[in-house]
>>> print(open('run_15.txt').read())   # compact mmCIF, C-alpha atoms
# COMPACT_ATOMS: atom_id res chain seq x y z
CA MET Z 1 127.51 66.54 96.58
CA SER Z 2 129.11 64.19 99.09
CA THR Z 3 131.63 61.59 98.01
CA LEU Z 4 132.32 58.15 99.35
CA SER Z 5 135.52 56.19 99.61
CA LYS Z 6 135.64 53.26 97.26
CA ASN Z 7 137.08 51.03 99.93
CA THR Z 8 135.67 51.58 103.41
CA ALA Z 9 132.87 54.18 103.42
CA PHE Z 10 130.14 51.54 103.66
CA GLN Z 11 131.96 49.31 106.17
CA VAL Z 12 131.25 49.60 109.89
CA GLN Z 13 133.67 49.42 112.81
CA LEU Z 14 133.06 47.59 116.10
CA THR Z 15 133.06 50.58 118.46
CA THR Z 16 130.48 51.96 120.86
CA ARG Z 17 130.72 55.29 119.04
CA GLN Z 18 129.90 53.60 115.72
CA ILE Z 19 126.95 51.81 117.32
CA ILE Z 20 125.53 55.02 118.81
CA LYS Z 21 126.18 56.89 115.57
CA MET Z 22 124.02 54.35 113.73
CA ALA Z 23 121.43 53.74 116.44
CA ALA Z 24 120.61 57.36 117.34
CA PRO Z 25 119.18 58.37 113.93
CA ILE Z 26 117.42 55.00 113.72
CA SER Z 27 115.83 55.69 117.10
CA PHE Z 28 114.65 59.02 115.81
CA SER Z 29 113.22 57.50 112.63
CA ILE Z 30 111.36 54.90 114.70
CA LEU Z 31 110.25 57.56 117.17
CA ILE Z 32 108.48 59.66 114.56
CA PRO Z 33 105.95 57.00 113.40
CA GLN Z 34 105.34 56.21 117.07
CA ILE Z 35 104.83 59.90 117.78
CA ASN Z 36 102.40 60.06 114.88
CA PHE Z 37 100.51 57.05 116.20
CA VAL Z 38 100.48 58.38 119.76
CA THR Z 39 99.53 61.87 118.57
CA ASN Z 40 96.53 60.40 116.76
CA ASN Z 41 95.49 58.63 119.93
CA ILE Z 42 96.04 61.65 122.17
CA PHE Z 43 93.84 63.81 119.97
CA LEU Z 44 91.26 61.01 119.68
CA GLY Z 45 91.35 60.50 123.45
CA HIS Z 46 90.39 64.14 123.92
CA TYR Z 47 87.84 63.84 121.13
CA SER Z 48 86.00 60.85 122.63
CA LYS Z 49 86.76 57.65 124.55
CA GLU Z 50 84.86 55.68 121.89
CA ALA Z 51 87.18 57.00 119.15
CA LEU Z 52 90.22 56.05 121.26
CA ALA Z 53 88.85 52.53 121.72
CA ILE Z 54 88.17 52.06 117.99
CA ALA Z 55 91.65 53.35 117.20
CA GLY Z 56 93.03 50.35 119.10
CA LEU Z 57 91.40 47.92 116.68
CA THR Z 58 92.07 49.86 113.51
CA GLY Z 59 95.61 50.80 114.48
CA VAL Z 60 96.65 47.18 114.88
CA TYR Z 61 94.94 46.34 111.60
CA TYR Z 62 97.08 48.85 109.71
CA LEU Z 63 100.16 47.67 111.56
CA ILE Z 64 99.56 44.18 110.16
CA PHE Z 65 100.06 45.56 106.66
CA SER Z 66 102.94 47.75 107.74
CA ALA Z 67 104.57 44.54 109.01
CA ILE Z 68 104.86 43.41 105.39
CA GLY Z 69 106.89 46.51 104.62
CA TYR Z 70 108.85 46.08 107.84
CA GLY Z 71 109.73 42.49 106.95
CA LEU Z 72 110.72 43.56 103.44
CA ASN Z 73 112.75 46.40 104.96
CA ASN Z 74 114.64 44.10 107.36
CA GLY Z 75 115.45 41.54 104.70
CA LEU Z 76 116.53 44.24 102.26
CA GLN Z 77 118.60 45.93 104.97
CA ALA Z 78 120.52 42.73 105.70
CA LEU Z 79 121.24 42.27 101.99
CA ILE Z 80 122.30 45.88 101.48
CA ALA Z 81 124.52 45.77 104.57
CA ARG Z 82 126.14 42.57 103.29
CA ARG Z 83 126.87 44.18 99.91
CA ALA Z 84 128.16 47.27 101.74
CA GLY Z 85 130.51 45.11 103.79
CA GLU Z 86 131.65 43.42 100.57
CA ASN Z 87 132.10 46.91 99.05
CA ARG Z 88 129.79 46.26 96.07
CA PRO Z 89 127.69 49.46 95.76
CA GLU Z 90 126.47 48.67 92.24
CA GLU Z 91 124.56 45.67 93.64
CA ILE Z 92 122.81 47.90 96.20
CA GLY Z 93 120.99 49.83 93.50
CA LYS Z 94 119.76 46.63 91.88
CA LEU Z 95 118.39 45.38 95.20
CA PHE Z 96 116.65 48.66 95.95
CA SER Z 97 114.91 48.86 92.56
CA GLN Z 98 113.46 45.37 92.89
CA ALA Z 99 112.29 46.04 96.43
CA VAL Z 100 110.28 49.02 95.18
CA PHE Z 101 108.47 46.80 92.66
CA ILE Z 102 107.72 44.22 95.33
CA GLY Z 103 106.49 46.84 97.82
CA LEU Z 104 104.10 48.50 95.37
CA THR Z 105 102.61 45.15 94.37
CA ALA Z 106 102.08 44.19 98.03
CA SER Z 107 100.41 47.54 98.79
CA LEU Z 108 97.88 47.07 96.00
CA LEU Z 109 96.96 43.66 97.39
CA GLY Z 110 96.51 45.22 100.84
CA ILE Z 111 94.12 47.85 99.47
CA LEU Z 112 92.10 45.18 97.66
CA LEU Z 113 91.79 43.02 100.79
CA THR Z 114 90.69 45.98 102.89
CA TYR Z 115 87.81 46.78 100.58
CA THR Z 116 86.64 43.18 100.11
CA VAL Z 117 87.49 41.00 103.13
CA THR Z 118 87.95 43.36 106.08
CA PRO Z 119 84.28 44.40 106.57
CA TYR Z 120 83.32 40.73 107.00
CA LEU Z 121 86.32 40.02 109.23
CA PHE Z 122 85.53 42.89 111.59
CA GLY Z 123 81.84 42.00 111.51
CA SER Z 124 82.64 38.60 112.99
CA PHE Z 125 84.05 40.17 116.17
CA ILE Z 126 82.61 43.67 116.57
CA ARG Z 127 78.99 43.41 117.70
CA GLU Z 128 77.99 47.07 117.87
CA PRO Z 129 76.93 48.26 114.37
CA GLU Z 130 78.08 51.85 114.87
CA ARG Z 131 81.52 50.83 116.11
CA LEU Z 132 81.82 48.37 113.21
CA GLN Z 133 80.92 51.06 110.67
CA GLN Z 134 83.45 53.51 112.09
CA ALA Z 135 86.23 50.91 112.17
CA VAL Z 136 85.65 49.83 108.56
CA SER Z 137 85.39 53.44 107.36
CA PHE Z 138 88.70 54.32 109.02
CA CYS Z 139 90.51 51.33 107.51
CA LYS Z 140 89.25 52.06 103.99
CA ILE Z 141 90.78 55.52 104.21
CA ARG Z 142 93.95 54.66 106.10
CA ILE Z 143 94.98 51.82 103.77
CA TRP Z 144 95.71 54.28 100.93
CA GLY Z 145 98.84 55.31 102.76
CA LEU Z 146 100.32 51.85 102.30
CA PRO Z 147 102.21 52.40 98.98
CA PHE Z 148 103.90 55.50 100.40
CA LEU Z 149 104.69 53.73 103.66
CA TYR Z 150 106.38 50.80 101.91
CA ILE Z 151 108.63 52.98 99.75
CA TYR Z 152 109.33 55.14 102.80
CA GLN Z 153 110.41 52.06 104.77
CA MET Z 154 112.81 51.02 102.02
CA ARG Z 155 114.81 54.19 102.37
CA ASN Z 156 115.44 53.01 105.97
CA ALA Z 157 116.97 49.81 104.62
CA LEU Z 158 119.03 51.77 102.11
CA LEU Z 159 120.42 54.38 104.52
CA VAL Z 160 120.93 52.09 107.52
CA GLY Z 161 122.40 49.30 105.40
CA THR Z 162 124.97 51.69 103.87
CA ASN Z 163 125.95 53.28 107.21
CA GLN Z 164 124.23 56.60 106.40
CA SER Z 165 121.43 56.56 108.97
CA LYS Z 166 121.95 60.27 109.79
CA TYR Z 167 119.91 61.14 106.69
CA LEU Z 168 116.80 59.54 108.20
CA VAL Z 169 116.12 62.59 110.35
CA GLY Z 170 114.85 65.09 107.75
CA GLY Z 171 111.99 62.97 106.44
CA ALA Z 172 111.00 61.94 109.94
CA LEU Z 173 110.72 65.56 111.11
CA ALA Z 174 108.63 66.52 108.09
CA GLU Z 175 106.30 63.59 108.66
CA ALA Z 176 105.81 64.34 112.36
CA GLY Z 177 105.15 68.05 111.87
CA THR Z 178 102.60 67.40 109.14
CA ASN Z 179 100.78 64.74 111.16
CA ILE Z 180 100.48 66.83 114.35
CA LEU Z 181 99.18 69.89 112.48
CA LEU Z 182 96.65 67.95 110.41
CA ASP Z 183 95.44 65.90 113.39
CA TYR Z 184 94.50 69.11 115.14
CA LEU Z 185 92.84 70.59 112.06
CA LEU Z 186 90.98 67.53 110.77
CA ILE Z 187 89.91 65.61 113.89
CA PHE Z 188 88.34 68.64 115.59
CA GLY Z 189 87.53 70.68 112.48
CA ARG Z 190 89.76 73.67 113.17
CA GLY Z 191 91.02 76.31 110.73
CA GLY Z 192 88.01 76.10 108.47
CA PHE Z 193 88.20 72.31 107.96
CA SER Z 194 85.23 70.04 108.53
CA GLU Z 195 85.21 67.96 111.71
CA MET Z 196 86.19 64.45 110.66
CA GLY Z 197 86.80 62.76 114.04
CA LEU Z 198 88.36 59.32 113.70
CA ASN Z 199 88.62 59.58 109.91
CA GLY Z 200 90.56 62.81 110.30
CA ALA Z 201 93.36 60.84 111.95
CA ALA Z 202 93.45 58.52 108.91
CA VAL Z 203 93.69 61.37 106.40
CA SER Z 204 96.36 63.23 108.36
CA SER Z 205 98.49 60.07 108.63
CA ILE Z 206 98.39 59.48 104.87
CA ILE Z 207 99.40 63.05 104.02
CA ALA Z 208 102.18 62.88 106.63
CA GLU Z 209 103.58 59.68 105.08
CA ILE Z 210 103.59 61.28 101.63
CA THR Z 211 105.37 64.35 102.99
CA GLY Z 212 108.06 62.31 104.74
CA LEU Z 213 108.58 60.23 101.61
CA LEU Z 214 109.10 63.29 99.39
CA VAL Z 215 111.52 64.93 101.82
CA VAL Z 216 113.74 61.90 102.35
CA TYR Z 217 114.06 61.19 98.63
CA LEU Z 218 114.88 64.84 98.06
CA VAL Z 219 117.71 64.42 100.59
CA ILE Z 220 118.92 61.25 98.85
CA TRP Z 221 118.96 63.07 95.52
CA LYS Z 222 120.63 66.26 96.85
CA LYS Z 223 123.37 64.29 98.64
CA GLY Z 224 124.16 62.33 95.50
CA ILE Z 225 123.33 59.01 97.14
CA SER Z 226 121.19 57.88 94.22
CA GLN Z 227 124.20 58.22 91.89
CA GLN Z 228 126.69 56.70 94.33
CA LEU Z 229 124.55 53.61 94.83
CA HIS Z 230 123.28 53.38 91.22
CA LEU Z 231 119.68 53.46 92.52
CA PHE Z 232 117.90 54.04 89.24
CA LYS Z 233 120.52 52.78 86.82
CA ASN Z 234 118.91 49.33 86.71
CA PHE Z 235 115.31 50.28 87.31
CA GLY Z 236 113.80 47.26 85.59
CA TRP Z 237 112.63 43.79 86.48
CA ASP Z 238 115.44 41.53 87.67
CA GLY Z 239 114.33 37.99 88.49
CA TYR Z 240 117.51 37.03 90.32
CA GLN Z 241 117.48 40.03 92.67
CA THR Z 242 113.75 39.62 93.26
CA ARG Z 243 114.16 35.98 94.28
CA LEU Z 244 117.05 36.94 96.55
CA ILE Z 245 115.02 39.64 98.30
CA LEU Z 246 111.98 37.40 98.68
CA SER Z 247 114.04 34.50 100.03
CA MET Z 248 115.32 36.83 102.75
CA SER Z 249 112.16 38.85 103.34
CA LEU Z 250 109.25 36.40 103.05
CA PRO Z 251 110.08 34.63 106.33
CA LEU Z 252 110.32 38.07 108.00
CA ILE Z 253 107.08 39.27 106.40
CA PHE Z 254 105.33 36.13 107.60
CA GLN Z 255 106.97 36.51 110.99
CA HIS Z 256 105.89 40.12 111.53
CA GLY Z 257 102.50 39.50 109.95
CA ILE Z 258 101.52 36.69 112.30
CA SER Z 259 102.91 38.68 115.21
CA LEU Z 260 100.57 41.57 114.49
CA LEU Z 261 97.68 39.25 113.67
CA SER Z 262 98.08 37.96 117.18
CA TRP Z 263 97.93 41.58 118.39
CA GLU Z 264 94.66 42.04 116.49
CA TYR Z 265 93.34 38.83 118.05
CA PHE Z 266 94.38 40.18 121.46
CA PHE Z 267 92.45 43.42 120.90
CA LEU Z 268 89.40 41.61 119.56
CA LEU Z 269 89.36 39.53 122.76
CA ILE Z 270 89.85 42.68 124.86
CA ASP Z 271 86.82 44.24 123.14
CA ALA Z 272 84.56 41.86 125.07
CA HIS Z 273 85.96 43.25 128.34
CA GLY Z 274 84.44 46.67 127.69
CA GLU Z 275 85.33 50.09 126.34
CA VAL Z 276 87.57 51.06 129.27
CA ALA Z 277 89.63 47.86 129.00
CA LEU Z 278 90.00 48.42 125.25
CA ALA Z 279 91.06 52.05 125.75
CA VAL Z 280 93.55 51.03 128.46
CA SER Z 281 95.08 48.37 126.23
CA ASN Z 282 95.33 50.78 123.30
CA THR Z 283 97.13 53.27 125.54
CA MET Z 284 99.45 50.55 126.83
CA ARG Z 285 100.27 49.59 123.25
CA ASN Z 286 101.21 53.21 122.55
CA ILE Z 287 103.43 53.37 125.62
CA LEU Z 288 105.04 50.01 124.76
CA GLY Z 289 105.74 51.30 121.26
CA LEU Z 290 107.41 54.43 122.61
CA ALA Z 291 109.35 52.50 125.24
CA GLY Z 292 110.63 50.09 122.61
CA ILE Z 293 112.01 52.77 120.29
CA VAL Z 294 115.57 52.65 121.61
CA ILE Z 295 115.46 48.86 121.91
CA TRP Z 296 114.32 48.38 118.32
CA ALA Z 297 116.94 50.89 117.15
CA PHE Z 298 119.65 48.76 118.74
CA GLY Z 299 118.00 45.74 117.12
CA SER Z 300 118.08 47.33 113.67
CA THR Z 301 121.69 48.37 114.24
CA THR Z 302 122.51 44.79 115.24
CA ASN Z 303 120.97 43.51 112.00
CA ALA Z 304 122.99 45.90 109.83
CA MET Z 305 126.28 45.59 111.71
CA VAL Z 306 126.22 41.78 111.94
CA SER Z 307 125.60 41.50 108.20
CA ASN Z 308 128.21 44.15 107.38
CA ILE Z 309 130.88 42.54 109.57
CA ILE Z 310 130.21 39.11 108.05
CA GLY Z 311 130.51 40.74 104.63
CA GLN Z 312 133.95 41.98 105.68
CA GLY Z 313 134.89 38.40 106.63
CA LYS Z 314 135.30 39.21 110.34
CA GLN Z 315 132.97 36.62 111.90
CA GLU Z 316 135.08 36.55 115.08
CA LEU Z 317 133.76 40.04 115.94
CA ILE Z 318 130.08 39.00 116.02
CA TRP Z 319 129.92 37.95 119.69
CA PRO Z 320 131.80 41.02 120.96
CA LEU Z 321 129.28 43.09 118.99
CA ILE Z 322 126.31 41.25 120.49
CA ARG Z 323 127.66 41.76 124.01
CA LYS Z 324 128.01 45.50 123.39
CA MET Z 325 124.45 45.63 122.02
CA ILE Z 326 123.06 43.75 125.03
CA ARG Z 327 124.67 46.16 127.48
CA LEU Z 328 123.29 49.18 125.65
CA SER Z 329 119.82 47.71 125.03
CA LEU Z 330 119.29 46.29 128.53
CA GLY Z 331 120.66 49.44 130.16
CA SER Z 332 118.19 51.57 128.20
CA ALA Z 333 115.32 49.23 129.10
CA ILE Z 334 116.09 49.49 132.81
CA VAL Z 335 115.97 53.30 132.66
CA ILE Z 336 112.66 53.20 130.75
CA ALA Z 337 111.09 50.70 133.16
CA ILE Z 338 112.04 52.84 136.17
CA PHE Z 339 110.49 55.93 134.56
CA LEU Z 340 107.25 54.10 133.71
CA ASN Z 341 106.82 52.90 137.29
CA LEU Z 342 107.64 56.25 138.87
CA PHE Z 343 105.36 58.41 136.70
CA PRO Z 344 102.46 56.32 135.32
CA GLY Z 345 99.84 58.93 136.21
CA LEU Z 346 101.65 61.54 134.15
CA LEU Z 347 101.49 59.30 131.09
CA PHE Z 348 97.76 58.67 131.44
CA SER Z 349 96.96 62.34 131.94
CA VAL Z 350 98.40 63.07 128.49
CA TYR Z 351 95.59 60.96 127.05
CA GLY Z 352 93.00 62.88 129.08
CA GLN Z 353 92.14 59.82 131.17
CA SER Z 354 91.68 59.33 134.93
CA GLY Z 355 89.52 57.45 137.47
CA GLY Z 356 88.54 53.92 136.46
CA PHE Z 357 90.91 54.08 133.51
CA VAL Z 358 93.93 54.59 135.79
CA ALA Z 359 92.78 51.87 138.22
CA GLN Z 360 92.86 49.30 135.41
CA ALA Z 361 95.99 50.68 133.81
CA ILE Z 362 98.44 50.81 136.74
CA PRO Z 363 98.76 47.00 137.17
CA VAL Z 364 99.29 46.65 133.42
CA VAL Z 365 102.19 49.13 133.59
CA ARG Z 366 103.90 46.94 136.19
CA VAL Z 367 103.53 43.88 133.98
CA MET Z 368 104.66 45.75 130.89
CA SER Z 369 107.81 47.04 132.63
CA ALA Z 370 109.10 43.49 133.10
CA ALA Z 371 108.21 42.70 129.49
CA ILE Z 372 110.34 45.61 128.29
CA LEU Z 373 113.40 44.15 130.03
CA MET Z 374 112.80 40.77 128.35
CA MET Z 375 112.27 42.50 125.01
CA SER Z 376 115.65 44.28 125.24
CA LEU Z 377 117.42 40.91 125.19
CA ALA Z 378 115.21 39.14 122.66
CA VAL Z 379 115.30 41.93 120.06
CA VAL Z 380 119.10 42.01 119.93
CA PHE Z 381 119.46 38.25 119.46
CA LEU Z 382 116.57 38.05 116.99
CA ASN Z 383 118.12 40.77 114.82
CA ALA Z 384 121.53 39.14 115.07
CA VAL Z 385 119.94 36.03 113.52
CA ILE Z 386 118.43 38.17 110.74
CA GLY Z 387 121.82 39.78 110.13
CA THR Z 388 123.36 36.36 109.51
CA GLY Z 389 120.89 35.87 106.67
CA ASN Z 390 119.05 32.90 108.15
CA THR Z 391 115.63 34.49 108.39
CA ARG Z 392 113.92 31.10 108.51
CA ILE Z 393 115.27 30.63 112.03
CA SER Z 394 113.73 33.90 113.18
CA MET Z 395 110.45 32.92 111.50
CA LEU Z 396 110.35 29.56 113.30
CA ALA Z 397 111.06 31.30 116.60
CA GLU Z 398 108.16 33.67 115.90
CA ILE Z 399 105.78 30.83 115.07
CA PHE Z 400 106.74 29.05 118.28
CA ALA Z 401 106.15 32.22 120.30
CA ILE Z 402 102.86 33.14 118.62
CA VAL Z 403 101.26 29.72 119.04
CA LEU Z 404 101.89 29.77 122.78
CA TYR Z 405 100.90 33.45 122.97
CA CYS Z 406 97.52 32.89 121.29
CA ILE Z 407 96.74 29.87 123.46
CA TYR Z 408 97.56 31.90 126.55
CA ILE Z 409 95.43 34.95 125.67
CA TYR Z 410 92.51 32.74 124.64
CA LEU Z 411 92.57 31.01 128.00
CA THR Z 412 93.02 34.14 130.10
CA LEU Z 413 90.85 36.65 128.22
CA ASP Z 414 88.14 34.47 126.71
CA LYS Z 415 87.73 31.09 128.38
CA PHE Z 416 88.42 32.16 131.99
CA PHE Z 417 87.69 35.86 131.36
CA LEU Z 418 90.43 37.09 133.70
CA SER Z 419 91.39 40.75 133.99
CA ILE Z 420 93.42 42.43 131.27
CA THR Z 421 96.42 42.45 133.63
CA PHE Z 422 96.68 38.67 133.22
CA GLY Z 423 96.18 39.08 129.50
CA TRP Z 424 99.14 41.45 129.28
CA MET Z 425 101.36 38.87 131.00
CA SER Z 426 101.35 37.19 127.59
CA GLU Z 427 104.19 39.58 126.72
CA TRP Z 428 106.44 37.73 129.17
CA LEU Z 429 105.75 34.45 127.41
CA TYR Z 430 106.17 35.97 123.95
CA TRP Z 431 109.58 37.56 124.48
CA THR Z 432 110.96 34.54 126.31
CA CYS Z 433 109.94 32.29 123.42
CA LEU Z 434 111.67 34.61 120.92
CA PHE Z 435 114.84 34.92 122.96
CA LEU Z 436 115.62 31.25 123.59
CA PRO Z 437 115.76 29.90 119.98
CA SER Z 438 117.65 33.00 118.77
CA PHE Z 439 120.22 32.75 121.57
CA PHE Z 440 120.87 29.04 121.04
CA TYR Z 441 121.17 29.48 117.26
CA MET Z 442 123.78 32.22 117.60
CA ARG Z 443 125.61 30.19 120.23
CA SER Z 444 125.70 27.12 117.95
CA GLY Z 445 127.85 28.91 115.34
CA LYS Z 446 125.88 27.38 112.46
CA TRP Z 447 125.33 30.87 111.05
CA LYS Z 448 128.99 31.03 109.97
CA ASP Z 449 128.28 28.86 106.93
CA LYS Z 450 125.30 30.93 105.69
CA VAL Z 451 125.90 32.76 102.36
CA ILE Z 452 123.56 35.45 100.94
>>> encode(input="run_15.txt", output="structure tokens")
Amino acid sequence: MSTLSKNTAFQVQLTTRQIIKMAAPISFSILIPQINFVTNNIFLGHYSKEALAIAGLTGVYYLIFSAIGYGLNNGLQALIARRAGENRPEEIGKLFSQAVFIGLTASLLGILLTYTVTPYLFGSFIREPERLQQAVSFCKIRIWGLPFLYIYQMRNALLVGTNQSKYLVGGALAEAGTNILLDYLLIFGRGGFSEMGLNGAAVSSIIAEITGLLVVYLVIWKKGISQQLHLFKNFGWDGYQTRLILSMSLPLIFQHGISLLSWEYFFLLIDAHGEVALAVSNTMRNILGLAGIVIWAFGSTTNAMVSNIIGQGKQELIWPLIRKMIRLSLGSAIVIAIFLNLFPGLLFSVYGQSGGFVAQAIPVVRVMSAAILMMSLAVVFLNAVIGTGNTRISMLAEIFAIVLYCIYIYLTLDKFFLSITFGWMSEWLYWTCLFLPSFFYMRSGKWKDKVI
């Protein structure tokens, strides 16, 4: 069993080595869900173009619910990192227990909505009856993974917030291996299994999430982390801790939720442009997700380190930290953008696509490359704001960005019915609108008076 120093084990240091040490496992943990998502789409792309197109709609739908867990995770992570910086491990266990209660309650609401409201929602936009039936069927299966996903996300907050992100790797590997194997068996009906097509991707994802959850909590138990952080010592309802978590997380949940709702709106508008346009956009979303892995890892590290350093009472180190993060994040984005523009055909061939698909996709890659550079700046500043504890600022920035984003995609994709290349330029607008308020808030210094 590992042991932790009572004084400094949870506290971070402002060094590039410390940043990489935290960010690398986070990148890996973000990579695995993206690999799972991309794996599903690769197999579905080889199964049928129609299945790949439907996966674009249903994938964003599930991501809307996962955004609730992601918002809860980010708020919880900032709180845990603050308590770690203050060297109060007993409070970490209390926070974690209440977050589990909140996550399970939210997942049950998500399942209920999927079975009651979603069929009517999809029916308002999807005109083809067969495509509608397949989309609804997929969602009704996939949504059962939500409770496991939420609890799985909370271990991210726990391990990253306490400077132990290296333990993220085991669960991520188990999840990825399970998903790839079951995708092959269930989508195509190999190894004696029935051919399930699109629904096979849903079942394999659920089982993979359960597997990853079991493995990571086994690691937490074996390493003695549950005892060190008093995880289950106070496993009961605590109104104060619940209110604290919700005050931090609700703005983030709302923020990520409306962000992904706008993605769903984007895909519903793309649907009218035809199956190829929908498949191209789904593929672009996969590539954007993969490209953003390192950027979001630096963002998550920024969140945890800003909160931890403030907890240590070293506010003067925040701007030096942000500058380090910007150099690392932007540098990574430049490398990714160069790769995307040099080898776009290689990426599309993985999905089994060519011809008209590539002709529509190449211009979108060019647009998306510039968006990735903008994202590398915005994500760092947005997460710095979250780390200060003022999640309402990040929520207001998101609302500002989403309103302009939705107006733009409505005009380009629906009213004027321009090509999807113009539609994807909405990413430029979105990331610029997130960057500016976050940058000016951090520059104002008002965050120094925020207490959580």
>>> atom_distance(input="run_15.txt", atom1="atom CA of Z:Ala55", atom2="atom CA of Z:Leu132")
11.7 Å
>>> closest_residue(input="run_15.txt", among="Z:Gln164, Z:Ser204, Z:Ser419, Z:Ser307", to="Z:Asn179", atoms="all atoms listed in the file")
Z:Ser204
>>> residues_around(input="run_15.txt", residues="Z:Asn303", least_positions_apart="6", cutoff="7 Å", atoms="only C-alpha atoms", output="PyMOL selection string")
chain Z and resi 78+383-384+386-387
>>> write_last_selection(input="run_15.txt", atoms="C-alpha atoms", output="tab-separated table (two decimals), in the coordinates of the input")
chain	number	residue	atom	x	y	z
Z	78	ALA	CA	120.52	42.73	105.70
Z	383	ASN	CA	118.12	40.77	114.82
Z	384	ALA	CA	121.53	39.14	115.07
Z	386	ILE	CA	118.43	38.17	110.74
Z	387	GLY	CA	121.82	39.78	110.13
>>> closest_atom_pairs(input="run_15.txt", of="stretch 163-241 of chain Z", to="stretch 153-156 of chain Z", cutoff="9 Å", atoms="only C-alpha atoms", output="tab-separated table")
residue	atom	partner	partner_atom	distance
Z:Ser165	CA	Z:Asn156	CA	7.6
Z:Leu168	CA	Z:Asn156	CA	7.0
Z:Leu213	CA	Z:Arg155	CA	8.7
Z:Val216	CA	Z:Arg155	CA	7.8
Z:Tyr217	CA	Z:Arg155	CA	8.0
Z:Ile220	CA	Z:Arg155	CA	8.9
>>> atom_distance(input="run_15.txt", atom1="atom CA of Z:Ala23", atom2="atom CA of Z:Gln312")
20.3 Å
>>> closest_residue(input="run_15.txt", among="Z:Pro25, Z:Gly103, Z:Gly85, Z:Gly59", to="Z:Gly171", atoms="only C-alpha atoms")
Z:Pro25
>>> closest_residue(input="run_15.txt", among="Z:Tyr167, Z:Phe348, Z:Phe193, Z:Trp424", to="Z:Lys21", atoms="all atoms listed in the file")
Z:Tyr167
>>> closest_residue(input="run_15.txt", among="Z:Ile102, Z:Ile253, Z:Ile54, Z:Leu218", to="Z:Ser66", atoms="all atoms listed in the file")
Z:Ile253
>>> residues_around(input="run_15.txt", residues="Z:Leu413", least_positions_apart="6", cutoff="7 Å", atoms="only C-alpha atoms", output="JSON, numbers by chain")
{"Z": [269, 270, 423]}
>>> closest_residue(input="run_15.txt", among="Z:Trp263, Z:Ile452, Z:Asp183, Z:Ser444", to="Z:Arg83", atoms="all atoms listed in the file")
Z:Ile452
>>> residues_around(input="run_15.txt", residues="Z:Leu396", least_positions_apart="5", cutoff="12 Å", atoms="only C-alpha atoms", output="list in words")
Pro251, Leu252, Phe254, Gln255, His256, Ile258, Ser259, Leu382, Val385, Asn390, Thr391, Ala401, Ile402, Val403, Cys433, Leu434, Phe435, Leu436, Pro437, Ser438 and Tyr441 of chain Z
>>> residues_around(input="run_15.txt", residues="Z:Glu264", least_positions_apart="4", cutoff="8 Å", atoms="all atoms listed in the file", output="list in words")
Leu57, Val60, Tyr61, Leu260 and Leu268 of chain Z
>>> residues_around(input="run_15.txt", residues="Z:Phe65", least_positions_apart="2", cutoff="9 Å", atoms="only C-alpha atoms", output="list in words")
Tyr61, Tyr62, Leu63, Ala67, Ile68, Gly69, Tyr70, Ala106, Ser107, Gly110, Ile143, Leu146, Gly257 and Leu260 of chain Z
>>> write_last_selection(input="run_15.txt", atoms="C-alpha atoms", output="PDB file, keeping the file's coordinate frame")
ATOM      1  CA  TYR Z  61      94.940  46.340 111.600  1.00  0.00           C
ATOM      2  CA  TYR Z  62      97.080  48.850 109.710  1.00  0.00           C
ATOM      3  CA  LEU Z  63     100.160  47.670 111.560  1.00  0.00           C
ATOM      4  CA  ALA Z  67     104.570  44.540 109.010  1.00  0.00           C
ATOM      5  CA  ILE Z  68     104.860  43.410 105.390  1.00  0.00           C
ATOM      6  CA  GLY Z  69     106.890  46.510 104.620  1.00  0.00           C
ATOM      7  CA  TYR Z  70     108.850  46.080 107.840  1.00  0.00           C
ATOM      8  CA  ALA Z 106     102.080  44.190  98.030  1.00  0.00           C
ATOM      9  CA  SER Z 107     100.410  47.540  98.790  1.00  0.00           C
ATOM     10  CA  GLY Z 110      96.510  45.220 100.840  1.00  0.00           C
ATOM     11  CA  ILE Z 143      94.980  51.820 103.770  1.00  0.00           C
ATOM     12  CA  LEU Z 146     100.320  51.850 102.300  1.00  0.00           C
ATOM     13  CA  GLY Z 257     102.500  39.500 109.950  1.00  0.00           C
ATOM     14  CA  LEU Z 260     100.570  41.570 114.490  1.00  0.00           C
TER      15      LEU Z 260
END
>>> axis_aligned_box(input="run_15.txt", around="stretch 202-212 of chain Z", padding_each_side="8 Å", output="JSON")
{"center_x": 100.8, "center_y": 61.4, "center_z": 105.3, "size_x": 30.6, "size_y": 21.8, "size_z": 23.3}
>>> residues_near_point(input="run_15.txt", point="(103.7, 69.3, 110.3)", cutoff="12 Å", atoms="all atoms listed in the file", output="compact mmCIF listing (two decimals) with C-alpha atoms, keeping the file's coordinate frame")
# COMPACT_ATOMS: atom_id res chain seq x y z
CA ILE Z 32 108.48 59.66 114.56
CA ASN Z 36 102.40 60.06 114.88
CA THR Z 39 99.53 61.87 118.57
CA GLY Z 171 111.99 62.97 106.44
CA ALA Z 172 111.00 61.94 109.94
CA LEU Z 173 110.72 65.56 111.11
CA ALA Z 174 108.63 66.52 108.09
CA GLU Z 175 106.30 63.59 108.66
CA ALA Z 176 105.81 64.34 112.36
CA GLY Z 177 105.15 68.05 111.87
CA THR Z 178 102.60 67.40 109.14
CA ASN Z 179 100.78 64.74 111.16
CA ILE Z 180 100.48 66.83 114.35
CA LEU Z 181 99.18 69.89 112.48
CA LEU Z 182 96.65 67.95 110.41
CA ASP Z 183 95.44 65.90 113.39
CA TYR Z 184 94.50 69.11 115.14
CA LEU Z 185 92.84 70.59 112.06
CA SER Z 204 96.36 63.23 108.36
CA SER Z 205 98.49 60.07 108.63
CA ILE Z 207 99.40 63.05 104.02
CA ALA Z 208 102.18 62.88 106.63
CA GLU Z 209 103.58 59.68 105.08
CA ILE Z 210 103.59 61.28 101.63
CA THR Z 211 105.37 64.35 102.99
CA GLY Z 212 108.06 62.31 104.74
